[in-house]
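This is query30.txt (compact mmCIF, C-alpha atoms).
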```
# COMPACT_ATOMS: atom_id res chain seq x y z
CA LEU M 75 95.39 140.43 141.75
CA VAL M 76 98.00 138.66 143.89
CA LEU M 77 95.27 136.56 145.48
CA VAL M 78 93.88 135.53 142.06
CA VAL M 79 97.36 134.61 140.82
CA LEU M 80 97.96 132.62 144.01
CA ILE M 81 94.66 130.73 143.64
CA VAL M 82 95.38 129.95 139.98
CA ARG M 83 98.88 128.77 140.89
CA VAL M 84 97.58 126.48 143.69
CA ARG M 85 94.97 124.98 141.36
CA MET M 86 97.60 124.39 138.69
CA MET M 87 99.83 122.64 141.25
CA ARG M 88 96.93 120.43 142.37
CA LEU M 89 96.07 119.60 138.76
CA LYS M 90 99.72 118.80 138.05
CA SER M 91 99.90 116.61 141.14
CA LYS M 92 96.70 114.76 140.18
CA THR M 93 97.95 114.27 136.61
CA ASN M 94 101.31 112.94 137.87
CA LYS M 95 99.52 110.50 140.17
CA GLU M 96 97.31 109.24 137.33
CA LEU M 97 100.33 108.86 135.05
CA SER M 98 102.16 106.94 137.76
CA GLU M 99 99.21 104.56 138.18
CA LYS M 100 98.99 104.03 134.40
CA ASN M 101 102.73 103.38 134.31
CA GLU M 102 102.37 100.67 136.98
CA GLN M 103 99.50 99.07 135.05
CA ILE M 104 101.61 99.01 131.89
CA LYS M 105 104.54 97.44 133.77
CA SER M 106 102.20 94.76 135.21
CA GLN M 107 100.76 94.02 131.77
CA ALA M 108 104.26 93.81 130.30
CA LYS M 109 105.25 91.23 132.93
CA GLY M 110 102.10 89.23 132.16
CA LEU M 111 102.86 89.32 128.45
CA GLN M 112 106.42 88.22 129.11
CA VAL M 113 105.21 85.18 131.11
CA ALA M 114 102.65 84.36 128.42
CA ASN M 115 105.36 84.64 125.76
CA GLU M 116 107.64 82.26 127.68
CA ASN M 117 104.77 79.76 128.08
CA LEU M 118 104.00 80.04 124.37
CA LYS M 119 107.66 79.36 123.52
CA LEU M 120 107.59 76.30 125.80
CA LEU M 121 104.37 74.99 124.23
CA SER M 122 105.79 75.58 120.76
CA LYS M 123 108.89 73.59 121.67
CA VAL M 124 106.71 70.79 123.04
CA GLY M 125 104.66 70.83 119.84
CA GLN M 126 107.82 70.45 117.78
CA GLN M 127 109.02 67.56 119.94
CA ILE M 128 105.64 65.83 119.78
CA THR M 129 105.42 66.09 116.00
CA ALA M 130 108.89 64.56 115.77
CA THR M 131 107.67 61.29 117.32
CA LEU M 132 104.82 58.91 116.63
CA SER M 133 104.92 57.08 119.96
CA ILE M 134 101.99 57.90 122.27
CA GLU M 135 104.18 56.92 125.23
CA LYS M 136 106.83 59.47 124.21
CA ILE M 137 104.17 62.11 123.60
CA ASN M 138 102.76 61.48 127.11
CA GLU M 139 106.22 61.76 128.64
CA LEU M 140 107.07 65.01 126.81
CA ALA M 141 103.69 66.58 127.59
CA TYR M 142 103.91 65.49 131.25
CA LYS M 143 107.37 66.98 131.70
CA SER M 144 106.42 70.21 129.94
CA LEU M 145 103.14 70.73 131.79
CA SER M 146 104.87 69.98 135.10
CA GLN M 147 106.99 73.09 134.58
CA PHE M 148 104.02 75.41 135.08
CA MET M 149 101.32 73.39 136.87
CA ASP M 150 100.94 70.53 139.35
CA VAL M 151 100.60 67.38 137.25
CA GLY M 152 100.21 64.18 139.21
CA VAL M 153 98.89 62.16 136.25
CA PHE M 154 98.87 62.83 132.52
CA GLY M 155 97.40 60.57 129.89
CA ILE M 156 95.96 60.50 126.41
CA GLY M 157 93.25 57.98 125.65
CA ILE M 158 92.65 57.15 121.99
CA PHE M 159 89.32 55.63 120.94
CA ASN M 160 89.63 52.09 119.59
CA PRO M 161 86.50 51.57 117.45
CA GLU M 162 87.13 47.83 117.02
CA HIS M 163 86.71 47.20 120.77
CA SER M 164 84.72 50.37 121.70
CA ILE M 165 87.29 51.35 124.31
CA LEU M 166 89.46 54.30 125.21
CA ASP M 167 93.08 53.08 125.23
CA PHE M 168 95.43 55.00 127.53
CA SER M 169 99.00 53.90 126.71
CA GLY M 170 102.03 55.05 128.68
CA VAL M 171 100.15 57.08 131.28
CA MET M 172 102.53 59.23 133.31
CA GLY M 173 102.06 59.48 137.06
CA ARG M 174 104.29 61.13 139.64
CA GLY M 175 107.21 61.32 137.24
CA GLU M 176 107.12 57.83 135.75
CA CYS M 177 105.11 55.64 133.42
CA VAL M 178 102.37 53.98 135.47
CA GLY M 179 101.09 51.73 132.72
CA ASN M 180 98.36 51.25 130.18
CA PHE M 181 94.63 51.46 130.89
CA SER M 182 91.50 50.78 128.85
CA TYR M 183 87.92 51.81 129.54
CA SER M 184 84.82 50.69 127.68
CA VAL M 185 82.87 53.62 126.25
CA GLU M 186 79.79 51.87 127.62
CA ASP M 187 81.02 52.38 131.22
CA LYS M 188 79.19 55.63 132.05
CA THR M 189 80.60 55.52 135.61
CA ARG M 190 83.96 56.79 134.31
CA LEU M 191 84.55 60.50 133.97
CA THR M 192 86.84 59.92 131.01
CA VAL M 193 84.01 58.09 129.21
CA LEU M 194 81.53 60.90 129.98
CA CYS M 195 83.98 63.41 128.51
CA TYR M 196 84.30 61.29 125.37
CA VAL M 197 80.60 60.52 124.96
CA HIS M 198 79.34 64.07 125.64
CA LYS M 199 82.18 65.73 123.67
CA ARG M 200 82.87 68.31 126.37
CA GLU M 201 85.52 68.99 128.97
CA ILE M 202 85.12 68.06 132.60
CA ILE M 203 86.96 70.28 135.07
CA ILE M 204 86.80 69.33 138.75
CA GLN M 205 88.55 71.41 141.41
CA ASN M 206 87.76 69.11 144.34
CA LEU M 207 86.89 65.54 143.38
CA ALA M 208 85.49 64.60 146.80
CA ASP M 209 82.98 67.48 146.64
CA GLU M 210 82.13 67.58 142.94
CA TYR M 211 82.12 64.05 141.49
CA LYS M 212 78.39 63.56 142.25
CA GLN M 213 77.59 66.14 139.56
CA TYR M 214 78.78 63.56 137.05
CA VAL M 215 78.72 60.04 138.51
CA PRO M 216 77.15 58.40 141.60
CA THR M 217 80.44 56.99 142.92
CA ILE M 218 84.14 57.23 142.20
CA GLU M 219 85.85 53.98 141.32
CA GLU M 220 89.03 53.22 143.27
CA THR M 221 92.04 53.70 140.98
CA LYS M 222 94.40 50.88 140.20
CA GLN M 223 97.12 52.77 142.10
CA GLY M 224 94.87 53.02 145.17
CA ASP M 225 94.47 56.79 145.45
CA ASN M 226 92.33 59.39 143.71
CA ALA M 227 93.36 62.79 142.47
CA VAL M 228 92.04 65.95 144.10
CA SER M 229 91.53 67.96 140.91
CA ILE M 230 90.98 66.61 137.41
CA ILE M 231 90.71 67.91 133.87
CA TYR M 232 89.33 65.77 131.04
CA MET M 233 89.32 67.27 127.54
CA PRO M 234 87.98 65.60 124.41
CA LEU M 235 90.40 65.31 121.51
CA ILE M 236 88.49 66.39 118.42
CA GLN M 237 89.58 66.01 114.83
CA GLU M 238 87.31 67.33 112.09
CA LYS M 239 84.32 67.48 114.48
CA LYS M 240 84.83 63.85 115.53
CA VAL M 241 86.00 62.89 119.02
CA ILE M 242 89.04 60.64 118.69
CA GLY M 243 90.04 60.44 122.33
CA VAL M 244 90.45 62.13 125.68
CA LEU M 245 93.32 63.97 127.38
CA THR M 246 93.51 64.03 131.18
CA VAL M 247 95.56 66.02 133.68
CA GLN M 248 95.14 65.12 137.35
CA SER M 249 96.60 66.62 140.50
CA PHE M 250 96.94 65.00 143.92
```
What would the structure in this file look like if it were written as structure tokens?
Amino acid sequence: LVLVVLIVRVRMMRLKSKTNKELSEKNEQIKSQAKGLQVANENLKLLSKVGQQITATLSIEKINELAYKSLSQFMDVGVFGIGIFNPEHSILDFSGVMGRGECVGNFSYSVEDKTRLTVLCYVHKREIIIQNLADEYKQYVPTIEETKQGDNAVSIIYMPLIQEKKVIGVLTVQSF
């Protein structure tokens, strides 16, 4: 009888130990998820604030500056620009492009120039995400044009700006 009681007691202790370990692991997972949600919440607050600031201005240059500064808080942004399609001249107009913390100027690209990644994004109505430009550009274009500043980014994101199913422009974020 003593042996049976002892065996039952040992099994109960093992079960309790296993249950405590599982609960501890679940507790750590919950803490990790809570931290992730807190970071996501902070980023959402930041994006909401940016959205409010952007809607308070009509200047594309000011919008570029605000977006550049805000994005720079949580990712490496070497260049940020918004190109708006100009139907009269069939070009993408990038006004007030931000680069390395300052306005680097205005740029225009013909939508007929299929050698430009920004044009391909606009024409095909889909994002282009490149992690390593030197290795991946050939998937899109035969050569990379030298930039007006003289250096190319390492990673690039181009996203079409779509309003009511119509592409109205392109947004780009580039990192050196």
Which polymer residues have any atom within 12 Å of an atom of M:Phe148, counting all atoms listed in the file, with same-chain residues fewer than 6 positions away left out, as a PDB file with C-alpha atoms, in the frame of the given file?
```pdb
ATOM      1  CA  VAL M 113     105.210  85.180 131.110  1.00  0.00           C
ATOM      2  CA  ALA M 114     102.650  84.360 128.420  1.00  0.00           C
ATOM      3  CA  GLU M 116     107.640  82.260 127.680  1.00  0.00           C
ATOM      4  CA  ASN M 117     104.770  79.760 128.080  1.00  0.00           C
ATOM      5  CA  LEU M 118     104.000  80.040 124.370  1.00  0.00           C
ATOM      6  CA  LEU M 120     107.590  76.300 125.800  1.00  0.00           C
ATOM      7  CA  LEU M 121     104.370  74.990 124.230  1.00  0.00           C
ATOM      8  CA  ALA M 141     103.690  66.580 127.590  1.00  0.00           C
ATOM      9  CA  TYR M 142     103.910  65.490 131.250  1.00  0.00           C
TER      10      TYR M 142
END
```
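You can rank M:Gln147, M:Asn160, M:Ser249, M:Gln107 by their closest distance to M:Leu207 using only C-alpha atoms, and at the top of that list sits M:Ser249.
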Please identify all polymer residues within 9 Å of M:Leu245, counting only C-alpha atoms, omitting same-chain residues fewer than 2 positions from it, and present them as a PyMOL selection string. chain M and resi 154-158+192+231-235+243+247
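For the pair atom CA of M:Ser182 and atom CA of M:Asp167, the interatomic distance is 4.6 Å.
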Gap from atom CA of M:Val171 to atom CA of M:Ile134 - Å, one decimal: 9.2 Å
Return the single residue from M:Val78, M:Leu111, M:Ile165, M:Ala208 that is closest to M:Phe250, with distances computed using all atoms listed in the file. M:Ala208
All residues 12 Å or closer to M:Val228, only C-alpha atoms, same chain fewer than 3 positions away omitted, as a ChimeraX atom specification: /M:150-153,203-211,218,225,231,247-250
Show me, as AutoDock Vina command-line options, the centre and edge lengths in Å to one decimal of the axis-aligned box that covers every listed atom of stretch 85-99 of chain M with 8 Å on each side.
```
--center_x 98.6 --center_y 114.8 --center_z 138.7 --size_x 23.2 --size_y 36.4 --size_z 23.3
```
Sel. within 12 Å of pt (81.4, 58.5, 142.2), counting only C-alpha atoms, output as a CSV table (one decimal) with C-alpha atoms, in the frame of the given file:
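Output (out09.csv):
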```csv
chain,number,residue,atom,x,y,z
M,188,LYS,CA,79.2,55.6,132.0
M,189,THR,CA,80.6,55.5,135.6
M,190,ARG,CA,84.0,56.8,134.3
M,191,LEU,CA,84.6,60.5,134.0
M,207,LEU,CA,86.9,65.5,143.4
M,208,ALA,CA,85.5,64.6,146.8
M,209,ASP,CA,83.0,67.5,146.6
M,210,GLU,CA,82.1,67.6,142.9
M,211,TYR,CA,82.1,64.0,141.5
M,212,LYS,CA,78.4,63.6,142.2
M,213,GLN,CA,77.6,66.1,139.6
M,214,TYR,CA,78.8,63.6,137.0
M,215,VAL,CA,78.7,60.0,138.5
M,216,PRO,CA,77.2,58.4,141.6
M,217,THR,CA,80.4,57.0,142.9
M,218,ILE,CA,84.1,57.2,142.2
M,219,GLU,CA,85.8,54.0,141.3
M,220,GLU,CA,89.0,53.2,143.3
M,221,THR,CA,92.0,53.7,141.0
M,226,ASN,CA,92.3,59.4,143.7
```
